[in-house]
There are 2 protein chains.
Amino acid sequence: MEQPTQPRTGIPAAELAARRERLQEHVRAEGLSGYVLFGADYIRYFTGLNFLATERPVVVAQAVGGEPAVFVPDFELERVRAETAFERVESYPEYPGVQHPMLLLSRLLADLGIRGSIGADSDGYPGILGYRGRSLSDAAESAVLPLAPVIEAMMMCKSEAEIGLIRESARWCELAHRLLQEYSRPGATETEASLRAGMEATLAMIAALGDDYGQQGSQDGAAAGYRGQIGPRSAWAHAVAHNIELRAGDVLVSETSAPVWGYNAELERAMIIGAPTDEMRRLFDHTVAVQQVAFAALRPGVTCSDVDAAVMEYLEDHRLLGHWRQHTGHAIGLRNHEAPFLDLGDHTVIEPGMVFTVEPGLYAADLGGFRHSDTVAVTPDGIEILTDYPSDIESLTIPA
Amino acid sequence: MEQPTQPRTGIPAAELAARRERLQEHVRAEGLSGYVLFGADYIRYFTGLNFLATERPVVVAQAVGGEPAVFVPDFELERVRAETAFERVESYPEYPGVQHPMLLLSRLLADLGIRGSIGADSDGYPGILGYRGRSLSDAAESAVLPLAPVIEAMMMCKSEAEIGLIRESARWCELAHRLLQEYSRPGATETEASLRAGMEATLAMIAALGDDYGQQGSQDGAAAGYRGQIGPRSAWAHAVAHNIELRAGDVLVSETSAPVWGYNAELERAMIIGAPTDEMRRLFDHTVAVQQVAFAALRPGVTCSDVDAAVMEYLEDHRLLGHWRQHTGHAIGLRNHEAPFLDLGDHTVIEPGMVFTVEPGLYAADLGGFRHSDTVAVTPDGIEILTDYPSDIESLTIPA
């Protein structure tokens, strides 16, 4: 068979191999026979495999000292051989099938020498989209040690390659946001503005990157919108969209997305349509100032809690606690939210390579929400802000 | 406080209440104190609540004989009060927070009288987006009985209201597909064609429905694309997109999506750019014929396996087994795939009200895939096809 060309995953193959080796070291140290991965994000993290997760399990397994094997439905065989570097690709006919995939997986694991004590991200395939099946411990007659905590800890510190992809994502979030801001005029609806911005930004992304950013659906690219955070609803930090018409006097909170090989930056801005009132200006200016407080507090050696505490102190000093609704931010990477969290209750020590959103916001019922979210990478002595977009009220006031 | 207007959820409030009552009956019969729901799809099914599921748990709980309560992060309080009919809305400050949400949830459950033996869709909040926490059984010091199987069984048979929403979804899948077909010309890429079709179809959907279809993101509406199923890659049933340029001679397999209050229809078509070769025509004609075989086999009283077996018999009779890659179809509703599956290994008895995709396909390496997917509702004596789109090769040949 023809040797497949090196698959493109955005992350160098050597780095993917090094990640697997770190996981192997843990598995070896725990005295386990190997590891099994069921989660799509984890499989992408360790192997680069990009696939549509459904009720049909896709599983990666590697015995201590062995090579990684992938277990897929039959219809993925040709694609996985063509688009990945797995030396061993095994398959099952269908889910649920005459023989359940977990039965066939347990035979494969035995053949790989993975039995007795196994590390796994979950004890069987999660019950998504109607999937049902035996647990891994039951099917493989083995003890299963949870690996999710150690994997989550590995994923917290990003490599240069990962930060490079998040930086690239930020470029396209910025473009989508510029276009969203341009198309957000009184009389436009959030859906019109969002569709126009997303279409133009995605076509520009493709013109620049070709298909070299790891699409899954045909439309995947850059997106920007409001998710209903318009007017008083912008005070609802997790609103849902209602194709709301934009009007003069509205406060807006935006959101963007532009995954590059699965890696996400986040860029959000408070904006105002027409001349801001004094109260809008007051809350807006504090939003800008408190984000600077968070930037200044965020560096290696302090805890996530320390950063959130600095924000809370600012809010308390300025009698703004009544406008608080959310913690300061969250880590981001292959998932658009991930641990650790810039939260009073998260005592994780911040290390270089961690990537966070920094988004302390102020919210006022009947008026709206004010939140700027930027994505930052922790450096040896502070942070690098990966998103580049104006934060001042003049730049973010939309003509009425 | 002002009485909120009846929230719009697509499903009548009385039907949501009846669903909860059925679940209550089960919980009562099992001798449990109440139920707890952590899954976003299940919460939407029983309450109509539409929310962005993140690492911050949203939980619905109801004691036997009590009213349903919802437990949300603080920042969701105002929205949930305004957009839902819950009489009791409780909240927690943040995740992970100084006090973990599971601790506060366990106190709420005790206050509701839910303790001792509890039914739940999962034993705690699933570990999404970096969430970690104690299991429900641990936090509430209770025995937890899994409810997911009984809930999945309830969800299998759709009401008239649900089928109405899926029928509405089908209308917009059809429009998106017509536009996709129109924009899929040699030289266009899958992303261009998909973005244009999705934007136009979504704007038309909004013009017709207003915002009355339960958006979550600003761009949500109708979509159509190929997900890389273009040329020989169309033989890869779960390909991923690569912004592939369409060329004369390509075989295509499309996909569509247009959730209406969360409910999905599915419409997919095999198409050919330019004059089909004899082999393309042969496989295309068999695709049309074998879908008819599945339609004819699908009726109340037979099993899912029987339907797939009828398809396999056709393939065997026509020496087409080498072109098989996937089972005949899957149920569809609030999830775009759900149980049961039209699969040899699924012995669920088909009942009126079930809704399935019917999509037996034929696949040939180096040539491509041929798959028409239609969404059908099971009636007392057969099926109603909810999607309405041509299936013949003349209608699905794109000018080269």
# chains A, B, ... in the order shown; residues from 1 in each chain; ligands from 1
call {"tool": "closest_atom_pairs", "arguments": {"of": "chain A", "to": "chain B", "cutoff": "7 Å", "atoms": "only C-alpha atoms", "output": "JSON lines"}}
result
{"residue": "A:Phe51", "atom": "CA", "partner": "B:Val240", "partner_atom": "CA", "distance": 6.9}
{"residue": "A:Leu52", "atom": "CA", "partner": "B:His238", "partner_atom": "CA", "distance": 6.6}
{"residue": "A:Asp74", "atom": "CA", "partner": "B:Arg325", "partner_atom": "CA", "distance": 6.7}
{"residue": "A:Phe75", "atom": "CA", "partner": "B:Arg325", "partner_atom": "CA", "distance": 5.2}
{"residue": "A:Glu76", "atom": "CA", "partner": "B:Trp236", "partner_atom": "CA", "distance": 6.4}
{"residue": "A:Arg79", "atom": "CA", "partner": "B:Trp236", "partner_atom": "CA", "distance": 6.2}
{"residue": "A:Glu94", "atom": "CA", "partner": "B:Gln326", "partner_atom": "CA", "distance": 6.7}
{"residue": "A:Pro96", "atom": "CA", "partner": "B:Gly345", "partner_atom": "CA", "distance": 5.7}
{"residue": "A:Gly97", "atom": "CA", "partner": "B:Gly345", "partner_atom": "CA", "distance": 4.4}
{"residue": "A:Val98", "atom": "CA", "partner": "B:Gly345", "partner_atom": "CA", "distance": 4.4}
{"residue": "A:Leu129", "atom": "CA", "partner": "B:Glu338", "partner_atom": "CA", "distance": 4.8}
{"residue": "A:Gly130", "atom": "CA", "partner": "B:Glu338", "partner_atom": "CA", "distance": 4.5}
{"residue": "A:Glu190", "atom": "CA", "partner": "B:Ser218", "partner_atom": "CA", "distance": 5.8}
{"residue": "A:Thr191", "atom": "CA", "partner": "B:Ser218", "partner_atom": "CA", "distance": 5.0}
{"residue": "A:Ser194", "atom": "CA", "partner": "B:Gln219", "partner_atom": "CA", "distance": 5.9}
{"residue": "A:Leu195", "atom": "CA", "partner": "B:Gln219", "partner_atom": "CA", "distance": 5.7}
{"residue": "A:Met199", "atom": "CA", "partner": "B:Leu195", "partner_atom": "CA", "distance": 6.1}
{"residue": "A:Asp211", "atom": "CA", "partner": "B:His242", "partner_atom": "CA", "distance": 5.2}
{"residue": "A:Gln215", "atom": "CA", "partner": "B:Ala241", "partner_atom": "CA", "distance": 5.4}
{"residue": "A:Gln216", "atom": "CA", "partner": "B:Val240", "partner_atom": "CA", "distance": 4.6}
{"residue": "A:Gly217", "atom": "CA", "partner": "B:Arg227", "partner_atom": "CA", "distance": 4.6}
{"residue": "A:Ser218", "atom": "CA", "partner": "B:Arg227", "partner_atom": "CA", "distance": 4.9}
{"residue": "A:Gln219", "atom": "CA", "partner": "B:Thr191", "partner_atom": "CA", "distance": 5.2}
{"residue": "A:Gly225", "atom": "CA", "partner": "B:Ser218", "partner_atom": "CA", "distance": 5.4}
{"residue": "A:Tyr226", "atom": "CA", "partner": "B:Ser218", "partner_atom": "CA", "distance": 5.9}
{"residue": "A:Arg227", "atom": "CA", "partner": "B:Gly217", "partner_atom": "CA", "distance": 4.6}
{"residue": "A:Gly228", "atom": "CA", "partner": "B:Ser218", "partner_atom": "CA", "distance": 6.9}
{"residue": "A:Trp236", "atom": "CA", "partner": "B:Arg79", "partner_atom": "CA", "distance": 6.2}
{"residue": "A:Ala237", "atom": "CA", "partner": "B:Phe75", "partner_atom": "CA", "distance": 6.1}
{"residue": "A:His238", "atom": "CA", "partner": "B:Leu52", "partner_atom": "CA", "distance": 6.7}
{"residue": "A:Val240", "atom": "CA", "partner": "B:Gln216", "partner_atom": "CA", "distance": 4.6}
{"residue": "A:Ala241", "atom": "CA", "partner": "B:Gln216", "partner_atom": "CA", "distance": 5.0}
{"residue": "A:His242", "atom": "CA", "partner": "B:Asp211", "partner_atom": "CA", "distance": 5.2}
{"residue": "A:Asn243", "atom": "CA", "partner": "B:Asp211", "partner_atom": "CA", "distance": 5.6}
{"residue": "A:Arg325", "atom": "CA", "partner": "B:Phe75", "partner_atom": "CA", "distance": 5.2}
{"residue": "A:Gln326", "atom": "CA", "partner": "B:Glu94", "partner_atom": "CA", "distance": 6.7}
{"residue": "A:His327", "atom": "CA", "partner": "B:Glu94", "partner_atom": "CA", "distance": 6.9}
{"residue": "A:Arg335", "atom": "CA", "partner": "B:Leu129", "partner_atom": "CA", "distance": 6.4}
{"residue": "A:His337", "atom": "CA", "partner": "B:Leu129", "partner_atom": "CA", "distance": 5.4}
{"residue": "A:Glu338", "atom": "CA", "partner": "B:Gly130", "partner_atom": "CA", "distance": 4.5}
{"residue": "A:Ala339", "atom": "CA", "partner": "B:Gly130", "partner_atom": "CA", "distance": 4.7}
{"residue": "A:Asp343", "atom": "CA", "partner": "B:Gly97", "partner_atom": "CA", "distance": 6.4}
{"residue": "A:Leu344", "atom": "CA", "partner": "B:Gly97", "partner_atom": "CA", "distance": 6.0}
{"residue": "A:Gly345", "atom": "CA", "partner": "B:Val98", "partner_atom": "CA", "distance": 4.4}
{"residue": "A:Asp346", "atom": "CA", "partner": "B:Pro96", "partner_atom": "CA", "distance": 6.5}
call {"tool": "closest_residue", "arguments": {"among": "B:Tyr42, B:Arg167, B:Thr47, B:Gly31", "to": "B:Gly119", "atoms": "only C-alpha atoms"}}
result
B:Gly31
call {"tool": "select_by_dssp", "arguments": {"residues": "stretch 56-242 of chain B", "states": "alpha helix (DSSP H)", "output": "short mmCIF file (atom, residue, chain, number, x, y, z; two decimals) with C-alpha atoms, in the first residue's frame"}}
result
data_model
loop_
_atom_site.label_atom_id
_atom_site.label_comp_id
_atom_site.auth_asym_id
_atom_site.auth_seq_id
_atom_site.Cartn_x
_atom_site.Cartn_y
_atom_site.Cartn_z
CA LEU B 77 -31.08 33.90 37.41
CA GLU B 78 -32.67 36.85 35.63
CA ARG B 79 -32.83 35.13 32.26
CA VAL B 80 -34.29 31.93 33.65
CA ARG B 81 -36.91 33.91 35.58
CA ALA B 82 -37.82 35.85 32.44
CA GLU B 83 -37.68 33.04 29.89
CA PRO B 101 -21.95 23.85 43.19
CA MET B 102 -22.41 20.18 44.13
CA LEU B 103 -22.31 21.11 47.80
CA LEU B 104 -24.97 23.76 47.30
CA LEU B 105 -26.99 21.40 45.10
CA SER B 106 -26.98 18.74 47.79
CA ARG B 107 -28.43 21.29 50.25
CA LEU B 108 -31.13 22.25 47.75
CA LEU B 109 -32.01 18.60 47.20
CA ALA B 110 -32.31 18.05 50.93
CA ASP B 111 -34.56 21.08 51.15
CA LEU B 112 -36.70 19.69 48.33
CA LEU B 136 -24.33 12.95 43.20
CA SER B 137 -24.44 9.82 45.31
CA ASP B 138 -21.46 11.06 47.30
CA ALA B 139 -22.57 14.70 47.61
CA ALA B 148 -31.19 7.51 31.31
CA PRO B 149 -32.64 4.23 29.94
CA VAL B 150 -36.21 5.15 30.89
CA ILE B 151 -35.78 8.70 29.57
CA GLU B 152 -34.31 7.43 26.28
CA ALA B 153 -37.29 5.08 25.95
CA MET B 154 -39.71 7.97 26.53
CA MET B 155 -37.94 10.10 23.92
CA MET B 156 -38.23 7.40 21.24
CA GLU B 160 -47.69 15.37 17.24
CA ALA B 161 -46.05 18.58 18.45
CA GLU B 162 -42.60 17.06 18.13
CA ILE B 163 -43.29 15.66 14.68
CA GLY B 164 -44.62 19.09 13.71
CA LEU B 165 -41.30 20.68 14.66
CA ILE B 166 -39.34 18.01 12.78
CA ARG B 167 -41.59 18.60 9.74
CA GLU B 168 -40.87 22.33 9.99
CA SER B 169 -37.15 21.56 10.25
CA ALA B 170 -37.47 19.48 7.08
CA ARG B 171 -38.86 22.50 5.15
CA TRP B 172 -35.70 24.48 5.89
CA CYS B 173 -33.38 21.58 5.23
CA GLU B 174 -35.03 21.35 1.81
CA LEU B 175 -34.49 25.05 1.10
CA ALA B 176 -30.88 24.93 2.27
CA HIS B 177 -30.34 21.89 0.06
CA ARG B 178 -31.89 23.53 -3.01
CA LEU B 179 -29.56 26.48 -2.53
CA LEU B 180 -26.56 24.23 -1.93
CA GLN B 181 -27.31 22.36 -5.15
CA GLU B 182 -27.65 25.67 -7.00
CA TYR B 183 -24.33 27.01 -5.73
CA GLU B 190 -17.59 23.34 -0.57
CA THR B 191 -17.15 26.21 1.86
CA GLU B 192 -18.32 28.89 -0.57
CA ALA B 193 -21.35 26.87 -1.64
CA SER B 194 -22.19 25.94 1.94
CA LEU B 195 -21.83 29.47 3.34
CA ARG B 196 -23.98 30.99 0.60
CA ALA B 197 -26.68 28.34 0.97
CA GLY B 198 -26.71 28.56 4.76
CA MET B 199 -26.87 32.34 4.84
CA GLU B 200 -29.72 32.58 2.35
CA ALA B 201 -31.70 29.73 3.88
CA THR B 202 -31.31 31.14 7.39
CA LEU B 203 -32.43 34.61 6.34
CA ALA B 204 -35.46 33.04 4.64
CA MET B 205 -36.17 30.96 7.76
CA ILE B 206 -36.09 34.08 9.91
CA ALA B 207 -38.27 36.00 7.49
CA ALA B 208 -40.85 33.22 7.76
CA LEU B 209 -40.59 32.26 11.44
#
call {"tool": "select_by_dssp", "arguments": {"residues": "stretch 43-132 of chain B", "states": "strand (DSSP E)", "output": "PyMOL selection string"}}
result
chain B and resi 59-63+69-73+88-92+117-120
call {"tool": "write_last_selection", "arguments": {"atoms": "all heavy atoms", "output": "CSV table (one decimal), in the first residue's frame"}}
result
chain,number,residue,atom,x,y,z
B,59,VAL,N,-29.0,22.3,36.6
B,59,VAL,CA,-29.6,21.1,37.1
B,59,VAL,C,-31.1,21.3,37.3
B,59,VAL,O,-31.5,22.4,37.8
B,59,VAL,CB,-29.0,20.7,38.4
B,59,VAL,CG1,-29.5,19.3,38.9
B,59,VAL,CG2,-27.4,20.7,38.3
B,60,VAL,N,-31.9,20.3,37.0
B,60,VAL,CA,-33.4,20.3,37.3
B,60,VAL,C,-33.7,19.2,38.2
B,60,VAL,O,-33.1,18.1,38.1
B,60,VAL,CB,-34.2,20.2,36.0
B,60,VAL,CG1,-35.7,19.9,36.3
B,60,VAL,CG2,-34.1,21.5,35.2
B,61,ALA,N,-34.4,19.5,39.3
B,61,ALA,CA,-34.8,18.5,40.3
B,61,ALA,C,-36.2,18.6,40.6
B,61,ALA,O,-36.8,19.7,40.7
B,61,ALA,CB,-33.9,18.6,41.5
B,62,GLN,N,-36.9,17.5,40.9
B,62,GLN,CA,-38.3,17.5,41.3
B,62,GLN,C,-38.5,16.3,42.3
B,62,GLN,O,-38.2,15.2,42.0
B,62,GLN,CB,-39.2,17.3,40.1
B,62,GLN,CG,-40.7,17.5,40.4
B,62,GLN,CD,-41.5,17.5,39.2
B,62,GLN,OE1,-41.1,17.2,38.1
B,62,GLN,NE2,-42.8,17.8,39.4
B,63,ALA,N,-39.0,16.7,43.5
B,63,ALA,CA,-39.4,15.6,44.4
B,63,ALA,C,-40.7,15.0,44.0
B,63,ALA,O,-41.5,15.6,43.3
B,63,ALA,CB,-39.5,16.2,45.8
B,69,ALA,N,-37.7,22.3,40.3
B,69,ALA,CA,-36.9,23.4,40.6
B,69,ALA,C,-35.7,23.4,39.6
B,69,ALA,O,-35.3,22.3,39.2
B,69,ALA,CB,-36.4,23.3,42.0
B,70,VAL,N,-35.1,24.6,39.4
B,70,VAL,CA,-33.9,24.6,38.5
B,70,VAL,C,-32.8,25.3,39.3
B,70,VAL,O,-33.1,26.2,40.1
B,70,VAL,CB,-34.2,25.3,37.2
B,70,VAL,CG1,-34.6,26.8,37.4
B,70,VAL,CG2,-33.1,25.2,36.2
B,71,PHE,N,-31.6,24.8,39.1
B,71,PHE,CA,-30.4,25.2,39.8
B,71,PHE,C,-29.4,25.7,38.8
B,71,PHE,O,-29.0,24.9,37.9
B,71,PHE,CB,-29.9,24.0,40.6
B,71,PHE,CG,-28.7,24.3,41.4
B,71,PHE,CD1,-28.7,25.1,42.6
B,71,PHE,CD2,-27.5,23.6,41.1
B,71,PHE,CE1,-27.5,25.2,43.3
B,71,PHE,CE2,-26.3,23.8,41.9
B,71,PHE,CZ,-26.4,24.6,43.0
B,72,VAL,N,-29.1,27.0,38.8
B,72,VAL,CA,-28.3,27.6,37.8
B,72,VAL,C,-27.2,28.5,38.4
B,72,VAL,O,-27.3,28.9,39.6
B,72,VAL,CB,-29.2,28.5,36.8
B,72,VAL,CG1,-30.2,27.6,36.1
B,72,VAL,CG2,-29.8,29.6,37.6
B,73,PRO,N,-26.2,28.9,37.6
B,73,PRO,CA,-25.3,29.9,38.1
B,73,PRO,C,-26.0,31.2,38.3
B,73,PRO,O,-27.0,31.5,37.6
B,73,PRO,CB,-24.2,30.0,37.0
B,73,PRO,CG,-24.7,29.2,35.8
B,73,PRO,CD,-25.8,28.3,36.3
B,88,ARG,N,-39.6,27.7,41.1
B,88,ARG,CA,-38.5,27.8,42.0
B,88,ARG,C,-37.2,27.8,41.2
B,88,ARG,O,-36.8,26.8,40.5
B,88,ARG,CB,-38.5,26.6,43.0
B,88,ARG,CG,-37.3,26.7,44.0
B,88,ARG,CD,-37.6,25.9,45.3
B,88,ARG,NE,-36.5,26.1,46.2
B,88,ARG,CZ,-36.4,25.5,47.4
B,88,ARG,NH1,-37.4,24.7,47.8
B,88,ARG,NH2,-35.4,25.8,48.2
B,89,VAL,N,-36.4,28.9,41.3
B,89,VAL,CA,-35.1,29.0,40.6
B,89,VAL,C,-34.1,29.3,41.7
B,89,VAL,O,-34.2,30.3,42.4
B,89,VAL,CB,-35.2,30.2,39.6
B,89,VAL,CG1,-33.8,30.3,38.9
B,89,VAL,CG2,-36.3,30.1,38.7
B,90,GLU,N,-33.2,28.4,41.9
B,90,GLU,CA,-32.1,28.5,42.9
B,90,GLU,C,-30.8,28.7,42.1
B,90,GLU,O,-30.6,28.2,41.0
B,90,GLU,CB,-32.1,27.3,43.8
B,90,GLU,CG,-33.3,27.2,44.6
B,90,GLU,CD,-33.4,28.2,45.8
B,90,GLU,OE1,-32.4,28.8,46.2
B,90,GLU,OE2,-34.6,28.4,46.2
B,91,SER,N,-29.8,29.3,42.8
B,91,SER,CA,-28.5,29.5,42.1
B,91,SER,C,-27.3,29.3,43.0
B,91,SER,O,-27.5,29.3,44.2
B,91,SER,CB,-28.5,30.9,41.5
B,91,SER,OG,-28.5,31.9,42.5
B,92,TYR,N,-26.2,29.3,42.3
B,92,TYR,CA,-24.9,29.3,43.0
B,92,TYR,C,-24.0,30.3,42.4
B,92,TYR,O,-24.2,30.7,41.2
B,92,TYR,CB,-24.2,27.9,42.9
B,92,TYR,CG,-24.0,27.4,41.5
B,92,TYR,CD1,-22.7,27.7,40.9
B,92,TYR,CD2,-24.9,26.7,40.8
B,92,TYR,CE1,-22.5,27.2,39.6
B,92,TYR,CE2,-24.7,26.3,39.5
B,92,TYR,CZ,-23.5,26.6,38.9
B,92,TYR,OH,-23.2,26.2,37.6
B,117,SER,N,-33.0,7.8,48.3
B,117,SER,CA,-32.9,7.1,47.0
B,117,SER,C,-33.3,8.2,45.9
B,117,SER,O,-34.4,8.7,46.0
B,117,SER,CB,-33.8,5.9,46.9
B,117,SER,OG,-33.3,4.9,47.8
B,118,ILE,N,-32.5,8.4,45.0
B,118,ILE,CA,-32.7,9.4,44.0
B,118,ILE,C,-32.5,8.8,42.6
B,118,ILE,O,-31.6,8.0,42.3
B,118,ILE,CB,-31.6,10.6,44.1
B,118,ILE,CG1,-31.6,11.1,45.6
B,118,ILE,CG2,-31.8,11.7,43.1
B,118,ILE,CD1,-30.6,12.2,45.8
B,119,GLY,N,-33.4,9.2,41.7
B,119,GLY,CA,-33.2,8.9,40.3
B,119,GLY,C,-32.5,10.0,39.6
B,119,GLY,O,-32.7,11.2,39.9
B,120,ALA,N,-31.5,9.7,38.7
B,120,ALA,CA,-30.8,10.7,38.0
B,120,ALA,C,-30.3,10.2,36.7
B,120,ALA,O,-30.1,9.0,36.5
B,120,ALA,CB,-29.6,11.2,38.8
call {"tool": "residues_around", "arguments": {"residues": "B:Leu283", "least_positions_apart": "3", "cutoff": "10 Å", "atoms": "only C-alpha atoms", "output": "list of chain:residue names"}}
result
B:Asp278, B:Glu279, B:Met280, B:His286, B:Thr287, B:Val288, B:Ala289, B:Leu320, B:His323, B:Gly361, B:Leu362, B:Tyr363, B:Ala364, B:Gly368, B:Gly369, B:Phe370, B:Arg371
call {"tool": "closest_residue", "arguments": {"among": "B:Thr9, B:Thr328, B:Thr379, B:Ser184", "to": "B:Arg299", "atoms": "only C-alpha atoms"}}
result
B:Thr379
call {"tool": "closest_residue", "arguments": {"among": "A:Arg28, A:Arg247, A:Arg8, A:Arg20", "to": "A:Ile273", "atoms": "only C-alpha atoms"}}
result
A:Arg247
call {"tool": "residues_around", "arguments": {"residues": "stretch 290-297 of chain B", "least_positions_apart": "5", "cutoff": "8 Å", "atoms": "only C-alpha atoms", "output": "PyMOL selection string"}}
result
chain B and resi 306-308+310-311+314-315+328+358-360+372+382-383
call {"tool": "write_last_selection", "arguments": {"atoms": "all heavy atoms", "output": "tab-separated table (two decimals), in the first residue's frame"}}
result
chain	number	residue	atom	x	y	z
B	306	ASP	N	-35.27	-5.87	11.53
B	306	ASP	CA	-35.98	-6.34	10.34
B	306	ASP	C	-35.77	-5.39	9.16
B	306	ASP	O	-35.63	-5.82	8.01
B	306	ASP	CB	-37.49	-6.44	10.60
B	306	ASP	CG	-37.84	-7.54	11.59
B	306	ASP	OD1	-37.06	-8.50	11.74
B	306	ASP	OD2	-38.92	-7.43	12.23
B	307	VAL	N	-35.80	-4.10	9.44
B	307	VAL	CA	-35.65	-3.11	8.37
B	307	VAL	C	-34.25	-3.18	7.77
B	307	VAL	O	-34.08	-3.21	6.54
B	307	VAL	CB	-35.95	-1.68	8.89
B	307	VAL	CG1	-35.78	-0.66	7.79
B	307	VAL	CG2	-37.35	-1.62	9.49
B	308	ASP	N	-33.26	-3.25	8.64
B	308	ASP	CA	-31.89	-3.35	8.15
B	308	ASP	C	-31.69	-4.67	7.40
B	308	ASP	O	-30.96	-4.71	6.39
B	308	ASP	CB	-30.92	-3.24	9.34
B	308	ASP	CG	-29.53	-2.74	8.94
B	308	ASP	OD1	-29.43	-1.93	7.98
B	308	ASP	OD2	-28.56	-3.13	9.60
B	310	ALA	N	-33.90	-6.23	5.63
B	310	ALA	CA	-34.49	-6.12	4.28
B	310	ALA	C	-33.51	-5.43	3.34
B	310	ALA	O	-33.36	-5.81	2.16
B	310	ALA	CB	-35.81	-5.35	4.36
B	311	VAL	N	-32.82	-4.42	3.86
B	311	VAL	CA	-31.82	-3.72	3.05
B	311	VAL	C	-30.67	-4.67	2.71
B	311	VAL	O	-30.21	-4.75	1.56
B	311	VAL	CB	-31.31	-2.47	3.81
B	311	VAL	CG1	-30.03	-1.93	3.19
B	311	VAL	CG2	-32.39	-1.40	3.84
B	314	TYR	N	-31.57	-7.06	-0.01
B	314	TYR	CA	-31.52	-6.43	-1.34
B	314	TYR	C	-30.07	-6.36	-1.83
B	314	TYR	O	-29.75	-6.69	-2.98
B	314	TYR	CB	-32.12	-5.02	-1.29
B	314	TYR	CG	-32.07	-4.30	-2.62
B	314	TYR	CD1	-33.16	-4.32	-3.49
B	314	TYR	CD2	-30.93	-3.59	-3.01
B	314	TYR	CE1	-33.11	-3.67	-4.73
B	314	TYR	CE2	-30.87	-2.95	-4.24
B	314	TYR	CZ	-31.96	-2.99	-5.10
B	314	TYR	OH	-31.90	-2.36	-6.31
B	315	LEU	N	-29.17	-5.94	-0.92
B	315	LEU	CA	-27.76	-5.80	-1.32
B	315	LEU	C	-27.18	-7.16	-1.71
B	315	LEU	O	-26.44	-7.27	-2.69
B	315	LEU	CB	-26.94	-5.18	-0.18
B	315	LEU	CG	-27.34	-3.77	0.26
B	315	LEU	CD1	-26.36	-3.25	1.32
B	315	LEU	CD2	-27.41	-2.79	-0.91
B	328	THR	N	-28.94	1.12	8.13
B	328	THR	CA	-29.97	1.81	7.34
B	328	THR	C	-30.33	3.20	7.87
B	328	THR	O	-30.67	4.08	7.07
B	328	THR	CB	-31.24	0.92	7.30
B	328	THR	OG1	-30.88	-0.31	6.65
B	328	THR	CG2	-32.36	1.58	6.54
B	358	VAL	N	-33.80	7.38	7.04
B	358	VAL	CA	-33.69	6.17	6.21
B	358	VAL	C	-32.66	6.50	5.15
B	358	VAL	O	-32.90	7.33	4.27
B	358	VAL	CB	-35.04	5.80	5.59
B	358	VAL	CG1	-34.89	4.59	4.67
B	358	VAL	CG2	-36.06	5.51	6.69
B	359	GLU	N	-31.49	5.84	5.26
B	359	GLU	CA	-30.35	6.28	4.46
B	359	GLU	C	-29.39	5.15	4.11
B	359	GLU	O	-28.18	5.27	4.33
B	359	GLU	CB	-29.61	7.38	5.21
B	359	GLU	CG	-29.32	7.05	6.68
B	359	GLU	CD	-28.47	8.12	7.39
B	359	GLU	OE1	-27.56	8.66	6.76
B	359	GLU	OE2	-28.73	8.37	8.58
B	360	PRO	N	-29.92	4.05	3.56
B	360	PRO	CA	-28.99	3.01	3.14
B	360	PRO	C	-28.14	3.55	1.98
B	360	PRO	O	-28.67	4.16	1.06
B	360	PRO	CB	-29.91	1.87	2.68
B	360	PRO	CG	-31.18	2.57	2.27
B	360	PRO	CD	-31.31	3.75	3.19
B	372	HIS	N	-28.92	8.66	-0.07
B	372	HIS	CA	-30.03	9.58	0.12
B	372	HIS	C	-30.55	9.35	1.54
B	372	HIS	O	-30.88	8.22	1.89
B	372	HIS	CB	-31.20	9.26	-0.84
B	372	HIS	CG	-30.93	9.57	-2.28
B	372	HIS	ND1	-29.84	10.29	-2.73
B	372	HIS	CD2	-31.66	9.27	-3.39
B	372	HIS	CE1	-29.91	10.41	-4.05
B	372	HIS	NE2	-31.00	9.81	-4.47
B	382	GLY	N	-47.75	2.55	8.70
B	382	GLY	CA	-46.59	2.65	7.82
B	382	GLY	C	-45.74	3.84	8.18
B	382	GLY	O	-45.39	4.00	9.34
B	383	ILE	N	-45.41	4.65	7.21
B	383	ILE	CA	-44.58	5.82	7.48
B	383	ILE	C	-45.11	7.03	6.72
B	383	ILE	O	-45.79	6.90	5.70
B	383	ILE	CB	-43.10	5.62	7.07
B	383	ILE	CG1	-42.99	5.21	5.58
B	383	ILE	CG2	-42.43	4.63	7.97
B	383	ILE	CD1	-41.58	5.21	5.03
call {"tool": "residues_around", "arguments": {"residues": "A:Thr277", "least_positions_apart": "5", "cutoff": "12 Å", "atoms": "only C-alpha atoms", "output": "number ranges by chain"}}
result
A: 248-251, 272, 282-284, 367, 393, 397
call {"tool": "write_last_selection", "arguments": {"atoms": "C-alpha atoms", "output": "tab-separated table (two decimals), in the first residue's frame"}}
result
chain	number	residue	atom	x	y	z
A	248	ALA	CA	-29.77	53.04	19.15
A	249	GLY	CA	-29.07	53.00	22.86
A	250	ASP	CA	-28.33	49.25	22.98
A	251	VAL	CA	-25.40	47.91	24.92
A	272	ILE	CA	-22.66	50.68	22.54
A	282	ARG	CA	-18.91	54.72	33.96
A	283	LEU	CA	-19.40	50.95	33.76
A	284	PHE	CA	-17.50	50.74	30.47
A	367	LEU	CA	-29.14	48.49	31.24
A	393	ILE	CA	-15.21	53.33	24.33
A	397	THR	CA	-19.21	53.02	19.91
